[in-house]
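Below is one structure, written out as structure tokens; the observations come after it.
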Number of protein chains: 2
Amino acid sequence: MPRPAGADQGTTKQRILDIALQLFIEKGYDKTSLREIAERLGYSKAAVYYHFASKDDILGALHLRLHDVLDEAMTGLSQAGTEETWPKLLDQFIDGMIANRDLFVLHERNRAAFEALHMKDHHEEHEDIERQLRRVLADVEIPLESRVRMACSLGAVTLGIMLAGDAFDDVPSDQLASIVRRAIGDLLTPGVFRT
Amino acid sequence: MPRPAGADQGTTKQRILDIALQLFIEKGYDKTSLREIAERLGYSKAAVYYHFASKDDILGALHLRLHDVLDEAMTGLSQAGTEETWPKLLDQFIDGMIANRDLFVLHERNRAAFEALHMKDHHEEHEDIERQLRRVLADVEIPLESRVRMACSLGAVTLGIMLAGDAFDDVPSDQLASIVRRAIGDLLTPGVFRT
DNA sequence: GTCTATATTTCGATAGAC
DNA sequence: GTCTATCGAAATATAGAC
């Protein structure tokens, strides 16, 4: 970060992030060593340390990638009406998850590491997204049933999309997305019409 | 395990597991050292090694606890009808999650560690539960929409219950459970009545 | 069953040459 | 920007006394 930042600089930096992303998913953050990252990169360990101050710094950069995917969807949720805007929010979440599935898998598989990370980064300018969601879900202004259904919808989207490329390997992602959208539509609408 | 197993033996063993469970949730599996476990236990590190062959062994024992909670719910799902039995399965999952919430939180927050663990335990007699679920969700006999909704329901239940004691701290768990049950009921029933 | 050492390994991080 | 070499720390695990 404290580099002058020239023209097409950062290529190696991005390659490191891509490799780390892949390894952190495969083996987990803690069981991935910088030696392995450097090895797959083709450079030495010290080269990695030229681009990143620490291992945590690498995870932090990936966290930022994830954050960038979501924060445009999050803006407007801050203090605006939540129960009405929730479906829109989920819609954008679905898009973000499909376009950047590996970032979400990374987060899902290394929750402990991410939490330990943002403990240290208490100087974070942007409030952590999970914390924001939690705050909304704890808002007593919203009926409990709605809040619980919101939480469920979040989980439904997460697991529904996450299993794409896994159990639903051959299903085109837009088809999967539309099914998930329909499903959470039903989830968020209490079935007063049902028997 | 290779111990003679006397009368009320295993008390210390269980205490270790309880402490490890708590620490693994707080700090994550990898960032928890045996020194910390021993410290909180009041004994030395070597004492812990008397009861467990390795750190992985401790996680393995906790994995077994989790497994025991779920496998009675899983039996009957093996090759039996799945689309019909799915609601029943989720029902039992909800009960299991509420009764043993911390075990599920442990699993959710240390997915990478668990996966790395059951890589080594390839001699596992019981098929891993996640693998079983994945197999059902990949079953082409079941319509895609149903399978996706099953996956979503699984995620909905997980996150819905998991946020209990967190965002829904003061809500009695049975009330929470009934809301979640209603929600996944709607989720699993395609809303043909909606606009 | 629990202790005090200690062995062994590996990892994150740094120094300094190029 | 990348290298070699190394430091220092911390962790898992073991040996052997009690």
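Each chain of the structure tokens is named A, B, ... in the order shown, its residues numbered from 1; ligands are numbered from 1 in display order.
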
Against chain A, which residues of chain C fall within 8 Å? For each one I want the closest pair of atoms and the distance in Å (one decimal), counting only C-alpha atoms (C1' of nucleotides), rows by chain and increasing residue number, as a Markdown table.
| residue | atom | partner | partner_atom | distance |
| --- | --- | --- | --- | --- |
| C:DC11 | C1' | A:Ser33 | CA | 7.2 |
| C:DG12 | C1' | A:Lys55 | CA | 7.8 |
| C:DA13 | C1' | A:Ser54 | CA | 7.9 |

Put those residues in a file: N, CA and C atoms (P, O5', C5', C4', C3', O3' and C1' of nucleotides), as a PDB file, in the first residue's frame.
ATOM      1  P    DC C  11       5.100 -25.212   7.416  1.00  0.00           P
ATOM      2  O5'  DC C  11       4.404 -23.871   7.875  1.00  0.00           O
ATOM      3  C5'  DC C  11       3.887 -23.770   9.229  1.00  0.00           C
ATOM      4  C4'  DC C  11       4.266 -22.425   9.818  1.00  0.00           C
ATOM      5  C3'  DC C  11       4.370 -21.325   8.767  1.00  0.00           C
ATOM      6  O3'  DC C  11       3.347 -20.372   8.937  1.00  0.00           O
ATOM      7  C1'  DC C  11       6.188 -21.251  10.332  1.00  0.00           C
ATOM      8  P    DG C  12       3.041 -19.331   7.767  1.00  0.00           P
ATOM      9  O5'  DG C  12       3.364 -17.933   8.449  1.00  0.00           O
ATOM     10  C5'  DG C  12       2.938 -17.715   9.775  1.00  0.00           C
ATOM     11  C4'  DG C  12       3.783 -16.631  10.422  1.00  0.00           C
ATOM     12  C3'  DG C  12       3.900 -15.354   9.587  1.00  0.00           C
ATOM     13  O3'  DG C  12       3.751 -14.234  10.445  1.00  0.00           O
ATOM     14  C1'  DG C  12       6.065 -16.216  10.044  1.00  0.00           C
ATOM     15  P    DA C  13       3.659 -12.764   9.705  1.00  0.00           P
ATOM     16  O5'  DA C  13       5.182 -12.295   9.700  1.00  0.00           O
ATOM     17  C5'  DA C  13       5.839 -12.165  10.968  1.00  0.00           C
ATOM     18  C4'  DA C  13       7.309 -11.886  10.749  1.00  0.00           C
ATOM     19  C3'  DA C  13       7.618 -10.730   9.787  1.00  0.00           C
ATOM     20  O3'  DA C  13       8.189  -9.659  10.525  1.00  0.00           O
ATOM     21  C1'  DA C  13       9.069 -12.604   9.453  1.00  0.00           C
TER      22       DA C  13
END

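For DT6 in chain C, the set of protein, DNA and RNA residues having any atom at most 12 Å away, when counting only C-alpha atoms (C1' of nucleotides) and skipping those fewer than 6 positions along the same chain, is DA13, DT14, DA15 and DG16 of chain D.
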
Q: Run DSSP on the backbone of this structure and report the residues of range 68-111 of chain A it assigns to alpha helix (DSSP H), as JSON, numbers by chain.
A: {"A": [68, 69, 70, 71, 72, 73, 74, 86, 87, 88, 89, 90, 91, 92, 93, 94, 95, 96, 97, 98, 99, 101, 102, 103, 104, 105, 106, 107, 108, 109, 111]}

Residue subset to file, keeping N, CA and C atoms, as a PDB file, in the first residue's frame:
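Dumped to part_26.pdb:
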ATOM      1  N   ASP A  68     -15.938  -5.415  -1.288  1.00  0.00           N
ATOM      2  CA  ASP A  68     -16.281  -4.588  -2.440  1.00  0.00           C
ATOM      3  C   ASP A  68     -17.449  -5.169  -3.225  1.00  0.00           C
ATOM      4  N   VAL A  69     -17.520  -6.500  -3.225  1.00  0.00           N
ATOM      5  CA  VAL A  69     -18.615  -7.141  -3.953  1.00  0.00           C
ATOM      6  C   VAL A  69     -19.956  -6.816  -3.300  1.00  0.00           C
ATOM      7  N   LEU A  70     -19.930  -6.679  -1.985  1.00  0.00           N
ATOM      8  CA  LEU A  70     -21.195  -6.559  -1.255  1.00  0.00           C
ATOM      9  C   LEU A  70     -21.575  -5.144  -0.857  1.00  0.00           C
ATOM     10  N   ASP A  71     -20.606  -4.260  -0.730  1.00  0.00           N
ATOM     11  CA  ASP A  71     -20.964  -3.006  -0.061  1.00  0.00           C
ATOM     12  C   ASP A  71     -21.847  -2.106  -0.908  1.00  0.00           C
ATOM     13  N   GLU A  72     -21.780  -2.274  -2.230  1.00  0.00           N
ATOM     14  CA  GLU A  72     -22.709  -1.478  -3.017  1.00  0.00           C
ATOM     15  C   GLU A  72     -24.139  -1.974  -2.801  1.00  0.00           C
ATOM     16  N   ALA A  73     -24.241  -3.280  -2.540  1.00  0.00           N
ATOM     17  CA  ALA A  73     -25.562  -3.814  -2.232  1.00  0.00           C
ATOM     18  C   ALA A  73     -26.004  -3.373  -0.832  1.00  0.00           C
ATOM     19  N   MET A  74     -25.005  -3.155   0.017  1.00  0.00           N
ATOM     20  CA  MET A  74     -25.328  -2.808   1.401  1.00  0.00           C
ATOM     21  C   MET A  74     -25.738  -1.343   1.560  1.00  0.00           C
ATOM     22  N   TRP A  86     -35.248  -5.559   2.033  1.00  0.00           N
ATOM     23  CA  TRP A  86     -34.561  -6.841   2.199  1.00  0.00           C
ATOM     24  C   TRP A  86     -34.563  -7.687   0.927  1.00  0.00           C
ATOM     25  N   PRO A  87     -35.706  -7.853   0.280  1.00  0.00           N
ATOM     26  CA  PRO A  87     -35.696  -8.651  -0.958  1.00  0.00           C
ATOM     27  C   PRO A  87     -34.728  -8.105  -2.000  1.00  0.00           C
ATOM     28  N   LYS A  88     -34.682  -6.802  -2.130  1.00  0.00           N
ATOM     29  CA  LYS A  88     -33.728  -6.199  -3.082  1.00  0.00           C
ATOM     30  C   LYS A  88     -32.295  -6.541  -2.692  1.00  0.00           C
ATOM     31  N   LEU A  89     -32.046  -6.458  -1.406  1.00  0.00           N
ATOM     32  CA  LEU A  89     -30.711  -6.769  -0.905  1.00  0.00           C
ATOM     33  C   LEU A  89     -30.316  -8.193  -1.264  1.00  0.00           C
ATOM     34  N   LEU A  90     -31.222  -9.119  -0.998  1.00  0.00           N
ATOM     35  CA  LEU A  90     -30.938 -10.518  -1.291  1.00  0.00           C
ATOM     36  C   LEU A  90     -30.699 -10.717  -2.783  1.00  0.00           C
ATOM     37  N   ASP A  91     -31.465  -9.995  -3.577  1.00  0.00           N
ATOM     38  CA  ASP A  91     -31.298 -10.084  -5.022  1.00  0.00           C
ATOM     39  C   ASP A  91     -29.872  -9.745  -5.434  1.00  0.00           C
ATOM     40  N   GLN A  92     -29.365  -8.685  -4.869  1.00  0.00           N
ATOM     41  CA  GLN A  92     -28.002  -8.277  -5.199  1.00  0.00           C
ATOM     42  C   GLN A  92     -26.974  -9.233  -4.612  1.00  0.00           C
ATOM     43  N   PHE A  93     -27.289  -9.771  -3.449  1.00  0.00           N
ATOM     44  CA  PHE A  93     -26.404 -10.769  -2.852  1.00  0.00           C
ATOM     45  C   PHE A  93     -26.264 -11.977  -3.778  1.00  0.00           C
ATOM     46  N   ILE A  94     -27.390 -12.392  -4.326  1.00  0.00           N
ATOM     47  CA  ILE A  94     -27.362 -13.549  -5.229  1.00  0.00           C
ATOM     48  C   ILE A  94     -26.456 -13.263  -6.419  1.00  0.00           C
ATOM     49  N   ASP A  95     -26.616 -12.097  -6.987  1.00  0.00           N
ATOM     50  CA  ASP A  95     -25.763 -11.734  -8.124  1.00  0.00           C
ATOM     51  C   ASP A  95     -24.295 -11.742  -7.737  1.00  0.00           C
ATOM     52  N   GLY A  96     -24.016 -11.140  -6.588  1.00  0.00           N
ATOM     53  CA  GLY A  96     -22.629 -11.081  -6.132  1.00  0.00           C
ATOM     54  C   GLY A  96     -22.056 -12.456  -5.870  1.00  0.00           C
ATOM     55  N   MET A  97     -22.855 -13.326  -5.292  1.00  0.00           N
ATOM     56  CA  MET A  97     -22.368 -14.668  -4.975  1.00  0.00           C
ATOM     57  C   MET A  97     -22.084 -15.471  -6.218  1.00  0.00           C
ATOM     58  N   ILE A  98     -22.941 -15.320  -7.199  1.00  0.00           N
ATOM     59  CA  ILE A  98     -22.743 -16.087  -8.427  1.00  0.00           C
ATOM     60  C   ILE A  98     -21.506 -15.600  -9.171  1.00  0.00           C
ATOM     61  N   ALA A  99     -21.320 -14.297  -9.179  1.00  0.00           N
ATOM     62  CA  ALA A  99     -20.177 -13.736  -9.913  1.00  0.00           C
ATOM     63  C   ALA A  99     -18.858 -13.975  -9.186  1.00  0.00           C
ATOM     64  N   ARG A 101     -18.167 -16.554  -6.606  1.00  0.00           N
ATOM     65  CA  ARG A 101     -18.467 -17.674  -5.733  1.00  0.00           C
ATOM     66  C   ARG A 101     -17.295 -18.048  -4.839  1.00  0.00           C
ATOM     67  N   ASP A 102     -16.099 -18.056  -5.393  1.00  0.00           N
ATOM     68  CA  ASP A 102     -14.944 -18.516  -4.615  1.00  0.00           C
ATOM     69  C   ASP A 102     -14.668 -17.613  -3.411  1.00  0.00           C
ATOM     70  N   LEU A 103     -14.935 -16.328  -3.558  1.00  0.00           N
ATOM     71  CA  LEU A 103     -14.724 -15.444  -2.414  1.00  0.00           C
ATOM     72  C   LEU A 103     -15.665 -15.803  -1.272  1.00  0.00           C
ATOM     73  N   PHE A 104     -16.873 -16.184  -1.612  1.00  0.00           N
ATOM     74  CA  PHE A 104     -17.829 -16.552  -0.571  1.00  0.00           C
ATOM     75  C   PHE A 104     -17.491 -17.907   0.034  1.00  0.00           C
ATOM     76  N   VAL A 105     -17.034 -18.808  -0.804  1.00  0.00           N
ATOM     77  CA  VAL A 105     -16.593 -20.105  -0.284  1.00  0.00           C
ATOM     78  C   VAL A 105     -15.420 -19.913   0.671  1.00  0.00           C
ATOM     79  N   LEU A 106     -14.498 -19.059   0.267  1.00  0.00           N
ATOM     80  CA  LEU A 106     -13.371 -18.738   1.147  1.00  0.00           C
ATOM     81  C   LEU A 106     -13.863 -18.286   2.518  1.00  0.00           C
ATOM     82  N   HIS A 107     -14.808 -17.389   2.498  1.00  0.00           N
ATOM     83  CA  HIS A 107     -15.322 -16.843   3.758  1.00  0.00           C
ATOM     84  C   HIS A 107     -16.051 -17.902   4.569  1.00  0.00           C
ATOM     85  N   GLU A 108     -16.810 -18.704   3.883  1.00  0.00           N
ATOM     86  CA  GLU A 108     -17.595 -19.727   4.572  1.00  0.00           C
ATOM     87  C   GLU A 108     -16.688 -20.759   5.231  1.00  0.00           C
ATOM     88  N   ARG A 109     -15.597 -21.086   4.549  1.00  0.00           N
ATOM     89  CA  ARG A 109     -14.731 -22.147   5.050  1.00  0.00           C
ATOM     90  C   ARG A 109     -13.699 -21.651   6.039  1.00  0.00           C
ATOM     91  N   ARG A 111     -14.300 -18.956   8.509  1.00  0.00           N
ATOM     92  CA  ARG A 111     -14.966 -17.956   9.341  1.00  0.00           C
ATOM     93  C   ARG A 111     -14.137 -17.569  10.550  1.00  0.00           C
TER      94      ARG A 111
END

Taking only C-alpha atoms into account and nothing else, which residues of chain B lie no more than 9 Å away from chain A? Please answer as a short mmCIF file (atom, residue, chain, number, x, y, z; two decimals) with N, CA, C and O atoms, in the first residue's frame.
data_model
loop_
_atom_site.label_atom_id
_atom_site.label_comp_id
_atom_site.auth_asym_id
_atom_site.auth_seq_id
_atom_site.Cartn_x
_atom_site.Cartn_y
_atom_site.Cartn_z
N PHE B 24 -12.39 -23.73 20.73
CA PHE B 24 -12.41 -23.83 19.26
C PHE B 24 -13.45 -22.90 18.67
O PHE B 24 -13.30 -22.41 17.55
N ILE B 25 -14.52 -22.66 19.41
CA ILE B 25 -15.53 -21.71 18.94
C ILE B 25 -15.02 -20.29 19.11
O ILE B 25 -15.13 -19.47 18.20
N GLU B 26 -14.43 -20.00 20.26
CA GLU B 26 -13.97 -18.64 20.54
C GLU B 26 -12.86 -18.20 19.61
O GLU B 26 -12.91 -17.13 19.00
N LYS B 27 -11.82 -19.04 19.50
CA LYS B 27 -10.62 -18.62 18.78
C LYS B 27 -10.39 -19.36 17.48
O LYS B 27 -9.48 -19.01 16.74
N GLY B 28 -11.16 -20.37 17.24
CA GLY B 28 -10.92 -21.20 16.07
C GLY B 28 -10.00 -22.35 16.40
O GLY B 28 -9.15 -22.24 17.29
N TYR B 29 -10.14 -23.44 15.69
CA TYR B 29 -9.38 -24.64 15.97
C TYR B 29 -7.87 -24.42 15.86
O TYR B 29 -7.11 -24.74 16.77
N ASP B 30 -7.45 -23.82 14.77
CA ASP B 30 -6.02 -23.70 14.51
C ASP B 30 -5.33 -22.73 15.45
O ASP B 30 -4.16 -22.91 15.78
N LYS B 31 -6.05 -21.72 15.86
CA LYS B 31 -5.42 -20.72 16.72
C LYS B 31 -5.56 -21.07 18.20
O LYS B 31 -5.15 -20.30 19.06
N GLU B 108 -19.57 -24.92 11.94
CA GLU B 108 -19.74 -23.83 10.98
C GLU B 108 -18.50 -22.93 10.96
O GLU B 108 -18.12 -22.44 9.91
N ARG B 109 -17.90 -22.73 12.12
CA ARG B 109 -16.78 -21.81 12.18
C ARG B 109 -15.45 -22.45 11.87
O ARG B 109 -14.43 -21.78 11.82
N ASN B 110 -15.43 -23.79 11.74
CA ASN B 110 -14.15 -24.47 11.48
C ASN B 110 -14.29 -25.51 10.38
O ASN B 110 -13.75 -26.61 10.49
N ARG B 111 -14.98 -25.12 9.33
CA ARG B 111 -15.23 -26.06 8.24
C ARG B 111 -13.94 -26.58 7.64
O ARG B 111 -13.79 -27.77 7.37
N ALA B 112 -12.98 -25.70 7.45
CA ALA B 112 -11.72 -26.12 6.84
C ALA B 112 -11.03 -27.16 7.69
O ALA B 112 -10.54 -28.17 7.19
N ALA B 113 -11.01 -26.94 8.99
CA ALA B 113 -10.36 -27.88 9.89
C ALA B 113 -11.07 -29.24 9.86
O ALA B 113 -10.41 -30.28 9.85
N GLU B 115 -12.83 -30.52 7.42
CA GLU B 115 -12.60 -31.19 6.15
C GLU B 115 -11.20 -31.79 6.12
O GLU B 115 -11.00 -32.93 5.69
N ALA B 116 -10.22 -31.02 6.59
CA ALA B 116 -8.85 -31.53 6.64
C ALA B 116 -8.79 -32.76 7.53
O ALA B 116 -8.01 -33.67 7.28
N ARG B 134 -25.09 -34.22 0.24
CA ARG B 134 -24.69 -33.83 -1.11
C ARG B 134 -25.18 -34.85 -2.14
O ARG B 134 -25.63 -34.49 -3.22
N ARG B 135 -25.07 -36.10 -1.75
CA ARG B 135 -25.48 -37.16 -2.67
C ARG B 135 -26.97 -37.08 -2.97
O ARG B 135 -27.41 -37.22 -4.11
N VAL B 136 -27.75 -36.82 -1.93
CA VAL B 136 -29.19 -36.68 -2.12
C VAL B 136 -29.49 -35.49 -3.03
O VAL B 136 -30.30 -35.57 -3.94
N LEU B 137 -28.79 -34.40 -2.76
CA LEU B 137 -29.04 -33.17 -3.53
C LEU B 137 -28.60 -33.30 -4.98
O LEU B 137 -29.01 -32.52 -5.83
N ALA B 138 -27.75 -34.28 -5.25
CA ALA B 138 -27.27 -34.48 -6.62
C ALA B 138 -28.10 -35.53 -7.35
O ALA B 138 -27.87 -35.79 -8.54
N ASP B 139 -29.06 -36.12 -6.66
CA ASP B 139 -29.87 -37.19 -7.23
C ASP B 139 -30.74 -36.66 -8.37
O ASP B 139 -31.66 -35.87 -8.15
N LEU B 144 -35.06 -30.70 -10.31
CA LEU B 144 -34.04 -29.73 -9.93
C LEU B 144 -34.59 -28.70 -8.95
O LEU B 144 -33.96 -28.38 -7.93
N GLU B 145 -35.76 -28.20 -9.26
CA GLU B 145 -36.34 -27.17 -8.38
C GLU B 145 -36.48 -27.68 -6.95
O GLU B 145 -36.18 -26.97 -5.99
N ARG B 147 -34.69 -30.00 -5.54
CA ARG B 147 -33.37 -30.16 -4.94
C ARG B 147 -32.79 -28.83 -4.50
O ARG B 147 -32.20 -28.73 -3.42
N VAL B 148 -32.96 -27.83 -5.32
CA VAL B 148 -32.45 -26.51 -4.95
C VAL B 148 -33.17 -26.01 -3.71
O VAL B 148 -32.55 -25.46 -2.79
N ARG B 149 -34.46 -26.22 -3.68
CA ARG B 149 -35.22 -25.78 -2.51
C ARG B 149 -34.81 -26.56 -1.26
O ARG B 149 -34.81 -26.03 -0.15
N MET B 150 -34.46 -27.82 -1.44
CA MET B 150 -33.95 -28.60 -0.31
C MET B 150 -32.67 -27.97 0.22
O MET B 150 -32.50 -27.78 1.43
N ALA B 151 -31.77 -27.65 -0.70
CA ALA B 151 -30.51 -27.03 -0.29
C ALA B 151 -30.77 -25.72 0.43
O ALA B 151 -30.18 -25.44 1.48
N CYS B 152 -31.68 -24.94 -0.12
CA CYS B 152 -32.01 -23.66 0.51
C CYS B 152 -32.58 -23.87 1.90
O CYS B 152 -32.25 -23.14 2.85
N SER B 153 -33.43 -24.87 2.03
CA SER B 153 -34.04 -25.12 3.34
C SER B 153 -32.99 -25.50 4.37
O SER B 153 -33.06 -25.10 5.52
N LEU B 154 -32.02 -26.25 3.91
CA LEU B 154 -30.92 -26.63 4.80
C LEU B 154 -30.18 -25.39 5.28
O LEU B 154 -29.89 -25.23 6.47
N GLY B 155 -29.88 -24.51 4.37
CA GLY B 155 -29.21 -23.27 4.74
C GLY B 155 -30.07 -22.39 5.62
O GLY B 155 -29.59 -21.77 6.57
N ALA B 156 -31.35 -22.37 5.32
CA ALA B 156 -32.29 -21.56 6.10
C ALA B 156 -32.32 -22.03 7.54
O ALA B 156 -32.24 -21.23 8.48
N VAL B 157 -32.44 -23.32 7.72
CA VAL B 157 -32.47 -23.88 9.07
C VAL B 157 -31.17 -23.58 9.81
O VAL B 157 -31.17 -23.12 10.96
N THR B 158 -30.08 -23.81 9.12
CA THR B 158 -28.78 -23.59 9.75
C THR B 158 -28.62 -22.17 10.24
O THR B 158 -28.32 -21.93 11.42
N LEU B 159 -28.82 -21.21 9.36
CA LEU B 159 -28.61 -19.83 9.75
C LEU B 159 -29.71 -19.35 10.68
O LEU B 159 -29.46 -18.57 11.61
N GLY B 160 -30.93 -19.80 10.46
CA GLY B 160 -32.03 -19.39 11.32
C GLY B 160 -31.78 -19.77 12.76
O GLY B 160 -31.92 -18.96 13.68
N ILE B 161 -31.39 -21.01 12.96
CA ILE B 161 -31.15 -21.48 14.32
C ILE B 161 -29.83 -20.94 14.87
O ILE B 161 -29.72 -20.58 16.04
N LEU B 163 -28.41 -18.18 14.46
CA LEU B 163 -28.46 -16.81 14.93
C LEU B 163 -29.21 -16.69 16.25
O LEU B 163 -29.25 -15.64 16.86
N ASP B 166 -27.92 -15.06 19.45
CA ASP B 166 -27.02 -14.07 18.87
C ASP B 166 -27.85 -12.83 18.57
O ASP B 166 -27.91 -11.91 19.38
N ALA B 167 -28.53 -12.85 17.45
CA ALA B 167 -29.44 -11.74 17.15
C ALA B 167 -30.77 -11.95 17.87
O ALA B 167 -31.44 -11.00 18.24
N PHE B 168 -31.12 -13.21 18.08
CA PHE B 168 -32.40 -13.52 18.73
C PHE B 168 -32.14 -14.08 20.11
O PHE B 168 -32.66 -15.12 20.50
N ASP B 169 -31.36 -13.35 20.84
CA ASP B 169 -30.83 -13.84 22.10
C ASP B 169 -31.93 -14.15 23.11
O ASP B 169 -31.90 -15.17 23.80
N VAL B 171 -35.12 -14.68 22.58
CA VAL B 171 -36.27 -15.43 22.10
C VAL B 171 -36.15 -16.88 22.55
O VAL B 171 -35.13 -17.52 22.31
N LEU B 176 -38.61 -19.85 18.45
CA LEU B 176 -37.76 -19.69 17.28
C LEU B 176 -37.91 -20.89 16.35
O LEU B 176 -38.05 -20.75 15.12
N ILE B 179 -41.11 -20.85 14.33
CA ILE B 179 -41.06 -19.89 13.22
C ILE B 179 -40.24 -20.45 12.06
O ILE B 179 -40.66 -20.38 10.90
N VAL B 180 -39.10 -21.02 12.42
CA VAL B 180 -38.26 -21.60 11.37
C VAL B 180 -38.99 -22.73 10.65
O VAL B 180 -38.94 -22.84 9.42
N ARG B 182 -42.19 -23.07 10.23
CA ARG B 182 -43.16 -22.47 9.32
C ARG B 182 -42.47 -21.94 8.07
O ARG B 182 -42.95 -22.11 6.95
N ALA B 183 -41.35 -21.28 8.29
CA ALA B 183 -40.65 -20.65 7.18
C ALA B 183 -40.20 -21.68 6.13
O ALA B 183 -40.43 -21.50 4.93
N ILE B 184 -39.59 -22.75 6.61
CA ILE B 184 -39.13 -23.75 5.64
C ILE B 184 -40.32 -24.50 5.04
O ILE B 184 -40.22 -25.05 3.95
N GLY B 185 -41.42 -24.51 5.75
CA GLY B 185 -42.63 -25.07 5.17
C GLY B 185 -43.00 -24.29 3.91
O GLY B 185 -43.28 -24.87 2.86
N ASP B 186 -42.98 -22.97 4.02
CA ASP B 186 -43.28 -22.13 2.87
C ASP B 186 -42.20 -22.27 1.79
O ASP B 186 -42.49 -22.27 0.60
N LEU B 187 -40.96 -22.41 2.27
CA LEU B 187 -39.84 -22.51 1.33
C LEU B 187 -39.95 -23.76 0.47
O LEU B 187 -39.68 -23.74 -0.73
N LEU B 188 -40.37 -24.85 1.09
CA LEU B 188 -40.42 -26.11 0.37
C LEU B 188 -41.67 -26.25 -0.49
O LEU B 188 -41.76 -27.14 -1.33
N THR B 189 -42.63 -25.35 -0.26
CA THR B 189 -43.86 -25.38 -1.05
C THR B 189 -43.86 -24.26 -2.08
O THR B 189 -44.07 -23.11 -1.72
N PRO B 190 -43.58 -24.58 -3.34
CA PRO B 190 -43.56 -23.54 -4.36
C PRO B 190 -44.84 -22.72 -4.33
O PRO B 190 -45.95 -23.27 -4.29
N GLY B 191 -44.71 -21.42 -4.30
CA GLY B 191 -45.86 -20.54 -4.10
C GLY B 191 -46.66 -20.32 -5.36
O GLY B 191 -46.59 -19.28 -5.97
N PHE B 193 -49.63 -19.89 -5.44
CA PHE B 193 -50.75 -18.99 -5.17
C PHE B 193 -50.34 -17.53 -5.20
O PHE B 193 -51.18 -16.65 -5.19
N ARG B 194 -49.01 -17.31 -5.24
CA ARG B 194 -48.58 -15.92 -5.18
C ARG B 194 -48.69 -15.27 -6.54
O ARG B 194 -48.75 -15.93 -7.57
#

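Atom pair C1' of DA15 in chain C / CA of Ala38 in chain A has a distance of 19.0 Å (rounded to one decimal).
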
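Set the cut-off at 8 Å, count only C-alpha atoms (C1' of nucleotides), and the residues of chain D near chain A turn out to be DG1, DT2 and DC3 of chain D.
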
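Counting from CA of Ala20 in chain A, the distance to CA of Asp128 in chain A is 21.8 Å.
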
Q) Any idea what's packed within 10 Å of Gly60 in chain A, counting only C-alpha atoms (C1' of nucleotides), ignoring anything in its chain fewer than 3 positions away? Could you give it as a ChimeraX atom specification? A) /A:54-57,63-66,114,117-118,121
